file structure.cif (mmCIF, C-alpha atoms and all ligand atoms)
data_entry
loop_
_atom_site.label_atom_id
_atom_site.label_comp_id
_atom_site.auth_asym_id
_atom_site.auth_seq_id
_atom_site.Cartn_x
_atom_site.Cartn_y
_atom_site.Cartn_z
CA MET A 298 -8.62 -22.63 -0.95
CA THR A 299 -5.64 -24.58 -2.27
CA PRO A 300 -2.43 -23.70 -0.48
CA TYR A 301 0.65 -24.09 -2.68
CA ASP A 302 2.95 -26.71 -1.21
CA ASP A 303 5.13 -27.12 -4.24
CA SER A 304 6.90 -23.76 -4.34
CA PRO A 305 10.29 -23.82 -6.04
CA ALA A 306 11.99 -21.78 -3.31
CA GLN A 307 11.29 -22.98 0.20
CA ALA A 308 11.88 -20.07 2.53
CA VAL A 309 13.87 -20.64 5.69
CA LEU A 310 14.56 -18.16 8.47
CA ALA A 311 17.13 -15.92 6.82
CA PRO A 312 19.15 -12.92 7.98
CA PRO A 313 18.69 -9.82 5.78
CA ARG A 314 20.72 -10.39 2.66
CA LEU A 315 19.37 -7.53 0.64
CA ILE A 316 21.57 -4.60 1.64
CA ASP A 317 21.59 -1.65 -0.74
CA GLY A 318 24.50 0.62 -1.63
CA PHE A 319 23.65 2.95 1.26
CA GLY A 320 23.69 0.22 3.91
CA ARG A 321 19.91 -0.06 4.20
CA ALA A 322 18.52 -3.57 4.64
CA VAL A 323 15.50 -4.31 2.46
CA THR A 324 13.11 -6.29 4.64
CA TYR A 325 9.74 -5.15 3.31
CA LEU A 326 8.21 -6.06 -0.03
CA ARG A 327 5.00 -4.69 -1.44
CA VAL A 328 3.46 -6.69 -4.22
CA SER A 329 0.79 -5.37 -6.52
CA VAL A 330 -1.27 -8.41 -7.50
CA THR A 331 -3.42 -6.67 -10.13
CA ASP A 332 -3.72 -3.28 -11.82
CA ARG A 333 -7.52 -3.64 -11.87
CA CYS A 334 -9.90 -2.09 -9.40
CA ASP A 335 -13.64 -1.83 -8.76
CA LEU A 336 -13.26 1.88 -7.93
CA ARG A 337 -11.77 4.80 -9.87
CA CYS A 338 -10.47 7.23 -7.25
CA LEU A 339 -9.93 10.66 -8.77
CA TYR A 340 -6.33 11.01 -7.60
CA CYS A 341 -5.36 7.47 -8.56
CA MET A 342 -6.93 6.57 -11.88
CA SER A 343 -8.37 8.27 -14.91
CA GLU A 344 -12.03 7.54 -15.60
CA HIS A 345 -11.36 5.30 -18.56
CA MET A 346 -8.35 3.24 -17.66
CA THR A 347 -6.78 0.83 -20.10
CA PHE A 348 -5.84 -2.19 -18.06
CA LEU A 349 -3.02 -4.55 -18.89
CA PRO A 350 -3.54 -7.58 -21.11
CA LYS A 351 -3.79 -10.72 -18.97
CA ALA A 352 -0.65 -12.27 -20.46
CA GLU A 353 1.42 -9.42 -19.07
CA VAL A 354 0.19 -9.90 -15.53
CA LEU A 355 1.98 -12.44 -13.35
CA THR A 356 0.09 -15.63 -12.64
CA LEU A 357 -0.62 -16.54 -9.03
CA GLU A 358 2.17 -19.12 -9.20
CA GLU A 359 4.62 -16.49 -10.51
CA LEU A 360 3.58 -14.05 -7.79
CA ASP A 361 4.16 -16.75 -5.20
CA ARG A 362 7.55 -17.65 -6.65
CA LEU A 363 8.82 -14.08 -6.68
CA ALA A 364 7.50 -13.23 -3.22
CA THR A 365 9.00 -16.44 -1.88
CA ALA A 366 12.39 -15.59 -3.39
CA PHE A 367 12.35 -12.28 -1.49
CA VAL A 368 11.34 -14.02 1.73
CA GLY A 369 14.27 -16.38 1.22
CA LEU A 370 16.53 -13.31 1.02
CA GLY A 371 15.41 -11.90 4.33
CA VAL A 372 12.20 -9.98 3.59
CA ARG A 373 10.15 -10.18 6.82
CA LYS A 374 7.06 -8.25 5.83
CA LEU A 375 4.93 -8.74 2.76
CA ARG A 376 2.13 -6.38 1.78
CA LEU A 377 -0.25 -7.33 -1.01
CA THR A 378 -1.84 -4.44 -2.80
CA GLY A 379 -2.99 -3.35 -6.25
CA GLY A 380 -5.14 -2.05 -7.93
CA GLU A 381 -7.58 -3.72 -5.61
CA PRO A 382 -6.09 -7.01 -4.38
CA LEU A 383 -9.47 -8.50 -3.41
CA VAL A 384 -10.76 -8.31 -7.00
CA ARG A 385 -7.96 -10.55 -8.27
CA LYS A 386 -9.37 -13.99 -9.07
CA GLY A 387 -7.78 -16.61 -6.82
CA PHE A 388 -6.40 -13.98 -4.45
CA MET A 389 -7.27 -16.02 -1.37
CA ASP A 390 -5.35 -18.99 -2.82
CA LEU A 391 -2.30 -16.75 -3.09
CA VAL A 392 -2.72 -15.57 0.52
CA ALA A 393 -3.25 -19.12 1.74
CA GLY A 394 -0.10 -20.22 -0.08
CA LEU A 395 2.05 -17.38 1.20
CA SER A 396 0.81 -17.95 4.73
CA ARG A 397 3.17 -20.96 4.91
CA HIS A 398 5.98 -18.43 5.42
CA LEU A 399 4.21 -17.14 8.52
CA ARG A 400 3.91 -20.64 9.88
CA SER A 401 7.58 -21.41 9.14
CA GLY A 402 8.63 -18.21 10.93
CA ALA A 403 10.33 -16.83 7.81
CA LEU A 404 7.84 -13.97 7.63
CA ASP A 405 6.74 -11.71 10.49
CA GLU A 406 3.78 -10.24 8.72
CA LEU A 407 1.52 -10.88 5.75
CA THR A 408 -0.82 -7.99 5.17
CA LEU A 409 -2.76 -6.09 2.54
CA THR A 410 -3.96 -2.68 1.52
CA THR A 411 -7.53 -2.69 0.29
CA ASN A 412 -10.34 -0.32 -0.55
CA GLY A 413 -12.59 -2.52 1.63
CA THR A 414 -15.42 -3.06 -0.87
CA GLN A 415 -14.99 -6.88 -0.85
CA LEU A 416 -13.77 -7.18 2.71
CA GLU A 417 -17.02 -8.33 4.27
CA ARG A 418 -16.78 -11.49 2.14
CA PHE A 419 -13.09 -12.22 2.73
CA ALA A 420 -12.36 -11.04 6.30
CA GLY A 421 -12.86 -14.48 7.89
CA ASP A 422 -10.57 -16.23 5.36
CA LEU A 423 -7.90 -13.56 5.76
CA ALA A 424 -7.91 -14.01 9.53
CA ARG A 425 -7.68 -17.79 9.13
CA CYS A 426 -4.60 -17.31 6.91
CA GLY A 427 -2.81 -15.41 9.66
CA VAL A 428 -3.47 -11.87 8.44
CA ARG A 429 -3.48 -9.82 11.65
CA ARG A 430 -3.54 -6.23 10.39
CA ILE A 431 -4.73 -4.58 7.20
CA ASN A 432 -4.87 -1.08 5.79
CA VAL A 433 -8.19 0.15 4.46
CA SER A 434 -8.32 3.30 2.37
CA LEU A 435 -11.12 5.68 3.27
CA ASP A 436 -11.06 9.41 2.58
CA THR A 437 -14.51 10.48 3.74
CA LEU A 438 -17.55 9.35 5.74
CA LYS A 439 -19.97 11.27 3.53
CA PRO A 440 -21.69 8.84 1.14
CA ASP A 441 -22.07 11.42 -1.66
CA LEU A 442 -18.50 12.62 -1.44
CA PHE A 443 -17.28 9.00 -1.29
CA ARG A 444 -19.24 8.27 -4.47
CA LYS A 445 -17.69 11.32 -6.12
CA LEU A 446 -14.09 10.66 -5.02
CA THR A 447 -14.22 6.99 -6.01
CA ARG A 448 -16.42 7.55 -9.10
CA GLY A 449 -19.29 5.38 -7.94
CA GLY A 450 -18.23 3.60 -4.73
CA ASP A 451 -20.67 2.62 -1.98
CA LEU A 452 -19.48 3.83 1.44
CA GLU A 453 -21.75 1.42 3.32
CA ARG A 454 -20.00 -1.61 1.83
CA VAL A 455 -16.61 -0.31 2.92
CA ILE A 456 -17.80 0.31 6.47
CA ALA A 457 -19.39 -3.16 6.56
CA GLY A 458 -16.03 -4.52 5.38
CA ILE A 459 -14.12 -2.70 8.10
CA ASP A 460 -16.54 -3.97 10.74
CA ALA A 461 -16.24 -7.54 9.41
CA ALA A 462 -12.44 -7.35 9.61
CA LEU A 463 -12.57 -6.04 13.18
CA ALA A 464 -15.06 -8.75 14.13
CA ALA A 465 -12.68 -11.36 12.67
CA GLY A 466 -9.94 -10.06 14.97
CA ILE A 467 -7.99 -8.18 12.29
CA ARG A 468 -6.63 -4.79 13.28
CA VAL A 469 -7.53 -2.10 10.76
CA LYS A 470 -5.55 1.01 9.96
CA ILE A 471 -7.40 3.62 7.96
CA ASN A 472 -5.46 5.41 5.21
CA ALA A 473 -6.87 8.73 4.10
CA VAL A 474 -5.49 10.96 1.37
CA ALA A 475 -5.68 14.58 2.50
CA LEU A 476 -7.47 16.63 -0.16
CA LYS A 477 -7.56 20.38 0.23
CA HIS A 478 -11.02 20.96 -1.24
CA ASP A 479 -12.73 17.65 -0.57
CA ASN A 480 -11.95 16.37 2.91
CA ALA A 481 -9.73 18.90 4.72
CA ALA A 482 -12.58 20.09 6.95
CA GLU A 483 -13.69 16.53 7.64
CA LEU A 484 -10.32 15.15 8.76
CA PRO A 485 -10.94 15.67 12.52
CA ALA A 486 -14.25 13.77 12.25
CA LEU A 487 -12.57 10.98 10.27
CA ILE A 488 -9.80 10.70 12.87
CA GLN A 489 -12.35 10.61 15.70
CA TRP A 490 -14.39 7.96 13.88
CA ALA A 491 -11.34 5.74 13.36
CA HIS A 492 -10.11 6.11 16.93
CA ALA A 493 -13.57 5.37 18.32
CA ARG A 494 -13.42 2.00 16.49
CA GLY A 495 -9.96 1.27 17.86
CA CYS A 496 -8.34 1.89 14.47
CA ASP A 497 -5.14 3.83 13.83
CA ILE A 498 -5.37 6.31 10.99
CA THR A 499 -2.71 7.62 8.65
CA LEU A 500 -3.04 10.71 6.52
CA ILE A 501 -1.25 10.78 3.17
CA GLU A 502 -0.31 13.73 0.99
CA THR A 503 -1.28 13.42 -2.66
CA MET A 504 1.63 12.24 -4.75
CA PRO A 505 2.19 13.03 -8.41
CA LEU A 506 2.03 9.47 -9.72
CA GLY A 507 0.53 8.69 -13.11
CA GLU A 508 -1.63 10.83 -15.33
CA VAL A 509 -5.12 11.41 -13.94
CA ASP A 510 -7.93 13.61 -15.22
CA GLN A 511 -7.68 16.34 -12.61
CA ASP A 512 -5.06 18.83 -11.47
CA ARG A 513 -3.49 17.43 -8.29
CA THR A 514 -1.66 20.65 -7.51
CA ASP A 515 -5.04 22.12 -6.73
CA GLN A 516 -5.88 19.39 -4.17
CA PHE A 517 -2.47 19.29 -2.48
CA LEU A 518 -2.70 19.82 1.25
CA SER A 519 0.47 19.88 3.33
CA LEU A 520 0.21 17.68 6.40
CA LYS A 521 2.35 20.21 8.25
CA ASP A 522 -0.62 22.58 7.92
CA VAL A 523 -3.08 19.83 8.89
CA ARG A 524 -1.07 19.06 12.01
CA ARG A 525 -0.93 22.74 12.94
CA ASP A 526 -4.71 23.03 12.55
CA LEU A 527 -5.41 19.86 14.54
CA SER A 528 -3.05 21.12 17.25
CA SER A 529 -5.25 24.17 17.77
CA PHE A 530 -7.84 21.95 19.48
CA TRP A 531 -6.07 18.63 20.17
CA THR A 532 -2.87 17.66 21.96
CA ILE A 533 -0.76 15.88 19.38
CA GLU A 534 2.35 14.18 20.73
CA ASP A 535 5.09 12.52 18.70
CA ILE A 536 5.50 8.88 19.62
CA HIS A 537 7.94 6.20 18.59
CA HIS A 538 5.90 3.57 16.84
CA ALA A 539 7.83 1.61 14.26
CA THR A 540 5.69 -0.17 11.68
CA GLY A 541 8.37 -0.55 9.05
CA GLY A 542 6.50 2.06 7.04
CA PRO A 543 7.25 5.69 6.25
CA ALA A 544 4.63 7.21 8.53
CA ARG A 545 5.69 9.41 11.43
CA TYR A 546 3.37 8.57 14.32
CA THR A 547 1.67 10.80 16.83
CA ARG A 548 -0.90 10.22 19.54
CA VAL A 549 -3.98 12.37 19.92
CA ALA A 550 -4.34 12.74 23.69
CA GLU A 551 -8.08 13.52 23.53
CA THR A 552 -9.03 10.41 21.52
CA GLY A 553 -6.23 8.17 22.78
CA GLY A 554 -5.60 6.92 19.22
CA ARG A 555 -2.59 6.94 16.93
CA LEU A 556 -2.34 9.28 13.98
CA GLY A 557 0.29 8.69 11.29
CA LEU A 558 1.45 11.31 8.84
CA ILE A 559 3.03 10.38 5.52
CA THR A 560 4.63 13.43 4.02
CA PRO A 561 6.61 12.48 0.93
CA LEU A 562 6.43 16.00 -0.44
CA SER A 563 7.07 18.21 2.58
CA ASN A 564 9.37 15.79 4.40
CA HIS A 565 11.71 13.13 3.07
CA PHE A 566 11.72 9.70 4.71
CA CYS A 567 14.26 8.07 2.45
CA ASP A 568 17.16 7.54 4.92
CA THR A 569 15.34 4.74 6.68
CA CYS A 570 13.66 3.25 3.60
CA ASN A 571 13.58 -0.55 3.91
CA ARG A 572 11.13 -1.36 1.14
CA VAL A 573 10.86 -2.22 -2.50
CA ARG A 574 7.84 -2.75 -4.73
CA LEU A 575 6.96 -5.41 -7.23
CA THR A 576 4.32 -4.61 -9.83
CA CYS A 577 1.75 -7.09 -11.08
CA THR A 578 3.85 -7.43 -14.25
CA GLY A 579 6.90 -8.48 -12.27
CA THR A 580 8.77 -5.18 -12.48
CA LEU A 581 10.75 -4.40 -9.36
CA HIS A 582 10.86 -0.72 -8.38
CA THR A 583 13.31 0.06 -5.63
CA CYS A 584 12.08 3.65 -5.18
CA LEU A 585 8.47 4.86 -5.42
CA GLY A 586 9.51 8.21 -6.79
CA ARG A 587 12.01 7.15 -9.41
CA ASP A 588 11.74 5.43 -12.74
CA ASP A 589 14.20 2.63 -11.94
CA ALA A 590 12.89 -0.79 -12.95
CA SER A 591 14.08 -4.39 -13.13
CA ASP A 592 12.10 -6.88 -15.14
CA LEU A 593 11.86 -9.98 -12.96
CA ARG A 594 9.08 -11.43 -15.11
CA ALA A 595 11.54 -11.71 -18.01
CA VAL A 596 13.96 -13.42 -15.64
CA ILE A 597 11.51 -16.09 -14.50
CA ARG A 598 9.74 -16.55 -17.83
CA GLY A 599 13.20 -16.96 -19.36
CA GLY A 600 13.63 -20.11 -17.28
CA ALA A 601 15.93 -18.73 -14.58
CA THR A 602 17.06 -20.96 -11.76
CA GLU A 603 16.57 -19.77 -8.19
CA ALA A 604 20.23 -18.71 -8.09
CA GLN A 605 19.80 -16.63 -11.25
CA LEU A 606 16.64 -15.06 -9.87
CA GLN A 607 18.48 -14.16 -6.66
CA GLN A 608 21.30 -12.59 -8.71
CA ALA A 609 18.78 -10.43 -10.57
CA ILE A 610 17.27 -9.32 -7.24
CA PHE A 611 20.71 -8.55 -5.75
CA ALA A 612 21.59 -6.46 -8.81
CA ALA A 613 18.38 -4.42 -8.52
CA ILE A 614 18.80 -3.81 -4.78
CA GLY A 615 22.43 -2.82 -5.26
CA ALA A 616 21.26 -0.04 -7.58
CA LYS A 617 18.53 1.29 -5.21
CA SER A 618 18.61 5.06 -5.29
CA GLN A 619 19.37 7.14 -2.21
CA GLY A 620 16.08 9.01 -2.32
CA HIS A 621 13.26 10.51 -4.32
CA ASP A 622 12.50 14.04 -5.26
CA PHE A 623 8.81 14.65 -5.86
CA GLN A 624 7.72 18.13 -6.89
CA ILE A 625 3.98 18.66 -6.74
CA ALA A 626 4.40 21.87 -8.71
CA ALA A 627 5.91 20.01 -11.62
CA ALA A 628 3.58 20.02 -14.61
CA ARG A 629 4.22 16.33 -15.30
CA PRO A 630 3.94 13.45 -12.83
CA ALA A 631 7.31 12.60 -11.22
CA VAL A 632 6.90 9.12 -12.58
CA ALA A 633 4.49 8.10 -15.29
CA ARG A 634 3.19 4.90 -13.68
CA HIS A 635 0.00 4.99 -11.64
CA MET A 636 -0.09 4.08 -7.96
CA SER A 637 -2.44 1.28 -8.96
CA THR A 638 0.32 -0.30 -11.05
CA THR A 639 3.10 0.13 -8.52
CA GLY A 640 0.97 -0.64 -5.50
CA GLY A 641 0.39 1.90 -2.75
N1 LIG A 701 -6.97 -0.34 -3.90
C1 LIG A 701 -6.33 -0.41 -2.65
C2 LIG A 701 -6.64 0.81 -1.80
O1 LIG A 701 -7.16 1.78 -2.32
O2 LIG A 701 -6.34 0.76 -0.61
C3 LIG A 701 -4.84 -0.60 -2.74
C4 LIG A 701 -4.09 0.16 -3.80
S1 LIG A 701 -4.12 1.92 -3.65
C5 LIG A 701 -3.18 2.37 -5.05
C6 LIG A 701 -3.08 2.18 -2.26
C7 LIG A 701 -3.12 3.54 -1.63
O3 LIG A 701 -2.61 4.49 -2.52
C8 LIG A 701 -4.49 4.03 -1.25
O4 LIG A 701 -4.49 4.33 0.14
C9 LIG A 701 -4.68 5.28 -2.05
O5 LIG A 701 -5.41 6.24 -1.37
C10 LIG A 701 -3.27 5.70 -2.31
N2 LIG A 701 -3.07 6.55 -3.49
C11 LIG A 701 -3.44 6.30 -4.77
N3 LIG A 701 -3.06 7.31 -5.58
C12 LIG A 701 -2.42 8.21 -4.80
C13 LIG A 701 -1.80 9.48 -5.03
N4 LIG A 701 -1.71 10.01 -6.24
N5 LIG A 701 -1.26 10.13 -3.96
C14 LIG A 701 -1.32 9.60 -2.71
N6 LIG A 701 -1.87 8.42 -2.43
C15 LIG A 701 -2.43 7.74 -3.46
FE1 LIG A 702 -8.64 1.61 -6.75
FE2 LIG A 702 -7.17 1.95 -4.58
FE3 LIG A 702 -6.66 3.39 -6.79
FE4 LIG A 702 -8.87 3.87 -5.42
S1 LIG A 702 -6.77 4.14 -4.67
S2 LIG A 702 -8.73 3.61 -7.66
S3 LIG A 702 -9.41 1.89 -4.67
S4 LIG A 702 -6.47 1.22 -6.60
#
call {"tool": "encode", "arguments": {"input": "structure.cif", "output": "structure tokens", "more": "lines below"}}
Ligand code: SAM
Ligand code: SF4
result
Amino acid sequence: MTPYDDSPAQAVLAPPRLIDGFGRAVTYLRVSVTDRCDLRCLYCMSEHMTFLPKAEVLTLEELDRLATAFVGLGVRKLRLTGGEPLVRKGFMDLVAGLSRHLRSGALDELTLTTNGTQLERFAGDLARCGVRRINVSLDTLKPDLFRKLTRGGDLERVIAGIDAALAAGIRVKINAVALKHDNAAELPALIQWAHARGCDITLIETMPLGEVDQDRTDQFLSLKDVRRDLSSFWTIEDIHHATGGPARYTRVAETGGRLGLITPLSNHFCDTCNRVRLTCTGTLHTCLGRDDASDLRAVIRGGATEAQLQQAIFAAIGAKSQGHDFQIAAARPAVARHMSTTGG
């Protein structure tokens, strides 16, 4: 691994400087480091995806520069995602470089969201770079269903990856998309499995992002209904557990574990939104559910100074929308871009 010591913007401990027009401080940046993935989840990608030409994707140095600029403006939490972050060549160099902001105290947390297929190989390096928690996406514990939902994935590798991360001292949160026909009946078993390993688990409603091959309306499962069903045999208590994310947390008394519920469709969480997203092409989206976009790649490839880059970031944050308005019933996706481009 070659940590980058020559970054153009050295981050120092900074108070939040990114305050949007509604008084919300932006302290959380998600960065998609690639649009590519080794899986093809049904709700995320179409079977034959056309991936971006390499020249359009930010280099590792550009990713570092942009992330560092945000850290310099008061972002305290950085999540690397994709596509699948662990399939990006040189990904561990990027993590090692960004970890300097943990050591300097400018960043509270450097984390990632991964499908876990490559985790067994990288868990030790991630832990050594200061990664303390990660999210691993896992919708089922049935090998055949996993293969179907991911179009070919191997469940055993993901479980081996989760175990390797835990063994390396990294806390794992499982993310599962709730799918009416595919995993609704299995959710209690999945929750029990996660809690037995000491992992939190968050359930996510399907969101209408990007064109995929199937009808998502058909798979939509309201987490209000899931919670009601789980409450018929478990004691589910609301708890205050702030992760800087949009999940509302509960504790399942019988398992002792935490259960998060992300309900973008049946419940808005926009008033406390503290996050923005940077795509692997350097486009900044300040709201997951809107088509707003600022092209930061053009800014840096145009030779911008740090001050000019900061101005471009301020302008984008100033225009952050008050909230989103997803409609699962809408025939078209709310926004055309895929989750794999924006980053989950
Ligand atoms: N490949 C990594 C993974 O799967 O964890 C990171 C990127 S993935 C796009 C991030 C998260 O988005 C995953 O938890 C995935 O389940 C979720 N996701 C993808 N498409 C979605 C959709 N249409 N609705 C809800 N969640 C979605
Ligand atoms: Fe890949 Fe993650 Fe999308 Fe699945 S959800 S296709 S693992 S990017």
call {"tool": "closest_residue", "arguments": {"input": "structure.cif", "among": "A:Phe388, A:Phe367, A:Phe319, A:Tyr340", "to": "ligand LIG 701 (chain A)", "atoms": "all atoms listed in the file"}}
result
A:Tyr340
call {"tool": "axis_aligned_box", "arguments": {"input": "structure.cif", "around": "ligand LIG 702 (chain A)", "padding_each_side": "6 Å", "output": "lines of an AutoDock Vina configuration file"}}
result
center_x = -7.9
center_y = 2.7
center_z = -6.1
size_x = 14.9
size_y = 14.9
size_z = 15.1
call {"tool": "residues_near_ligand", "arguments": {"input": "structure.cif", "ligand": "ligand LIG 702 (chain A)", "cutoff": "7 Å", "atoms": "all atoms listed in the file", "output": "MDAnalysis selection string"}}
result
chainID A and resid 334:338 341:342 379:381 411:412 447 636:637
call {"tool": "write_last_selection", "arguments": {"input": "structure.cif", "atoms": "C-alpha atoms", "output": "mmCIF file, in the coordinates of the input"}}
result
data_model
loop_
_atom_site.group_PDB
_atom_site.id
_atom_site.type_symbol
_atom_site.label_atom_id
_atom_site.label_comp_id
_atom_site.auth_asym_id
_atom_site.auth_seq_id
_atom_site.Cartn_x
_atom_site.Cartn_y
_atom_site.Cartn_z
ATOM 1 C CA CYS A 334 -9.900 -2.090 -9.400
ATOM 2 C CA ASP A 335 -13.640 -1.830 -8.760
ATOM 3 C CA LEU A 336 -13.260 1.880 -7.930
ATOM 4 C CA ARG A 337 -11.770 4.800 -9.870
ATOM 5 C CA CYS A 338 -10.470 7.230 -7.250
ATOM 6 C CA CYS A 341 -5.360 7.470 -8.560
ATOM 7 C CA MET A 342 -6.930 6.570 -11.880
ATOM 8 C CA GLY A 379 -2.990 -3.350 -6.250
ATOM 9 C CA GLY A 380 -5.140 -2.050 -7.930
ATOM 10 C CA GLU A 381 -7.580 -3.720 -5.610
ATOM 11 C CA THR A 411 -7.530 -2.690 0.290
ATOM 12 C CA ASN A 412 -10.340 -0.320 -0.550
ATOM 13 C CA THR A 447 -14.220 6.990 -6.010
ATOM 14 C CA MET A 636 -0.090 4.080 -7.960
ATOM 15 C CA SER A 637 -2.440 1.280 -8.960
#
call {"tool": "residues_around", "arguments": {"input": "structure.cif", "residues": "Asp589 (chain A)", "least_positions_apart": "5", "cutoff": "10 Å", "atoms": "only C-alpha atoms", "output": "list in words"}}
result
Thr580, Leu581, His582, Thr583, Cys584, Ala613, Ala616, Lys617, Ser618 and Val632 of chain A
call {"tool": "write_last_selection", "arguments": {"input": "structure.cif", "atoms": "C-alpha atoms", "output": "CSV table (one decimal), in the coordinates of the input"}}
result
chain,number,residue,atom,x,y,z
A,580,THR,CA,8.8,-5.2,-12.5
A,581,LEU,CA,10.8,-4.4,-9.4
A,582,HIS,CA,10.9,-0.7,-8.4
A,583,THR,CA,13.3,0.1,-5.6
A,584,CYS,CA,12.1,3.6,-5.2
A,613,ALA,CA,18.4,-4.4,-8.5
A,616,ALA,CA,21.3,0.0,-7.6
A,617,LYS,CA,18.5,1.3,-5.2
A,618,SER,CA,18.6,5.1,-5.3
A,632,VAL,CA,6.9,9.1,-12.6
call {"tool": "atom_distance", "arguments": {"input": "structure.cif", "atom1": "CA of Gly427 (chain A)", "atom2": "atom C13 of ligand LIG 701 (chain A)"}}
result
28.9 Å
call {"tool": "closest_residue", "arguments": {"input": "structure.cif", "among": "A:Thr324, A:Ala393, A:Thr560, A:Gly495", "to": "ligand LIG 701 (chain A)", "atoms": "only C-alpha atoms and all ligand atoms"}}
result
A:Thr560
call {"tool": "atom_distance", "arguments": {"input": "structure.cif", "atom1": "CA of Met346 (chain A)", "atom2": "atom S1 of ligand LIG 701 (chain A)"}}
result
14.7 Å
call {"tool": "residues_around", "arguments": {"input": "structure.cif", "residues": "Leu326 (chain A)", "least_positions_apart": "6", "cutoff": "8 Å", "atoms": "all atoms listed in the file", "output": "list in words"}}
result
Ala364, Phe367, Val372, Lys374, Leu375, Arg376, Arg572, Val573, Arg574 and Leu575 of chain A
call {"tool": "write_last_selection", "arguments": {"input": "structure.cif", "atoms": "C-alpha atoms", "output": "PDB file, in the frame of the given file"}}
result
ATOM      1  CA  ALA A 364       7.500 -13.230  -3.220  1.00  0.00           C
ATOM      2  CA  PHE A 367      12.350 -12.280  -1.490  1.00  0.00           C
ATOM      3  CA  VAL A 372      12.200  -9.980   3.590  1.00  0.00           C
ATOM      4  CA  LYS A 374       7.060  -8.250   5.830  1.00  0.00           C
ATOM      5  CA  LEU A 375       4.930  -8.740   2.760  1.00  0.00           C
ATOM      6  CA  ARG A 376       2.130  -6.380   1.780  1.00  0.00           C
ATOM      7  CA  ARG A 572      11.130  -1.360   1.140  1.00  0.00           C
ATOM      8  CA  VAL A 573      10.860  -2.220  -2.500  1.00  0.00           C
ATOM      9  CA  ARG A 574       7.840  -2.750  -4.730  1.00  0.00           C
ATOM     10  CA  LEU A 575       6.960  -5.410  -7.230  1.00  0.00           C
TER      11      LEU A 575
END
call {"tool": "residues_around", "arguments": {"input": "structure.cif", "residues": "Arg314 (chain A)", "least_positions_apart": "2", "cutoff": "10 Å", "atoms": "only C-alpha atoms", "output": "ChimeraX atom specification"}}
result
/A:311-312,316-317,322-324,367,369-372,611
call {"tool": "atom_distance", "arguments": {"input": "structure.cif", "atom1": "CA of Met389 (chain A)", "atom2": "atom C4 of ligand LIG 701 (chain A)"}}
result
16.7 Å
call {"tool": "residues_around", "arguments": {"input": "structure.cif", "residues": "Ile597 (chain A)", "least_positions_apart": "2", "cutoff": "12 Å", "atoms": "all atoms listed in the file", "output": "VMD selection string"}}
result
chain A and resid 305 355 to 356 358 to 363 366 578 to 580 592 to 595 599 to 610
call {"tool": "residues_around", "arguments": {"input": "structure.cif", "residues": "Glu502 (chain A)", "least_positions_apart": "6", "cutoff": "10 Å", "atoms": "all atoms listed in the file", "output": "PyMOL selection string"}}
result
chain A and resi 473-477+516-520+558-563
call {"tool": "residues_near_point", "arguments": {"input": "structure.cif", "point": "(-1.3, 9.3, 17.4)", "cutoff": "9 Å", "atoms": "all atoms listed in the file", "output": "list in words"}}
result
Asp497, Ile498, Ile533, Glu534, Asp535, Ile536, Tyr546, Thr547, Arg548, Val549, Ala550, Thr552, Gly553, Gly554, Arg555, Leu556 and Gly557 of chain A
call {"tool": "closest_residue", "arguments": {"input": "structure.cif", "among": "A:Lys386, A:Lys470, A:Arg373, A:Arg425", "to": "ligand LIG 701 (chain A)", "atoms": "only C-alpha atoms and all ligand atoms"}}
result
A:Lys470
call {"tool": "closest_residue", "arguments": {"input": "structure.cif", "among": "A:Gly421, A:Gly413, A:Pro313, A:Gly620", "to": "ligand LIG 701 (chain A)", "atoms": "only C-alpha atoms and all ligand atoms"}}
result
A:Gly413
call {"tool": "residues_near_point", "arguments": {"input": "structure.cif", "point": "(-6.6, 0.5, -14.9)", "cutoff": "6 Å", "atoms": "only C-alpha atoms", "output": "short mmCIF file (atom, residue, chain, number, x, y, z; two decimals) with C-alpha atoms, in the coordinates of the input"}}
result
data_model
loop_
_atom_site.label_atom_id
_atom_site.label_comp_id
_atom_site.auth_asym_id
_atom_site.auth_seq_id
_atom_site.Cartn_x
_atom_site.Cartn_y
_atom_site.Cartn_z
CA ASP A 332 -3.72 -3.28 -11.82
CA ARG A 333 -7.52 -3.64 -11.87
CA MET A 346 -8.35 3.24 -17.66
CA THR A 347 -6.78 0.83 -20.10
CA PHE A 348 -5.84 -2.19 -18.06
#
call {"tool": "closest_residue", "arguments": {"input": "structure.cif", "among": "A:Ser591, A:Ser343, A:Asn472, A:Thr532", "to": "ligand LIG 701 (chain A)", "atoms": "only C-alpha atoms and all ligand atoms"}}
result
A:Asn472
call {"tool": "closest_residue", "arguments": {"input": "structure.cif", "among": "A:Arg327, A:Leu446, A:Ile471, A:His478", "to": "Thr408 (chain A)", "atoms": "all atoms listed in the file"}}
result
A:Arg327
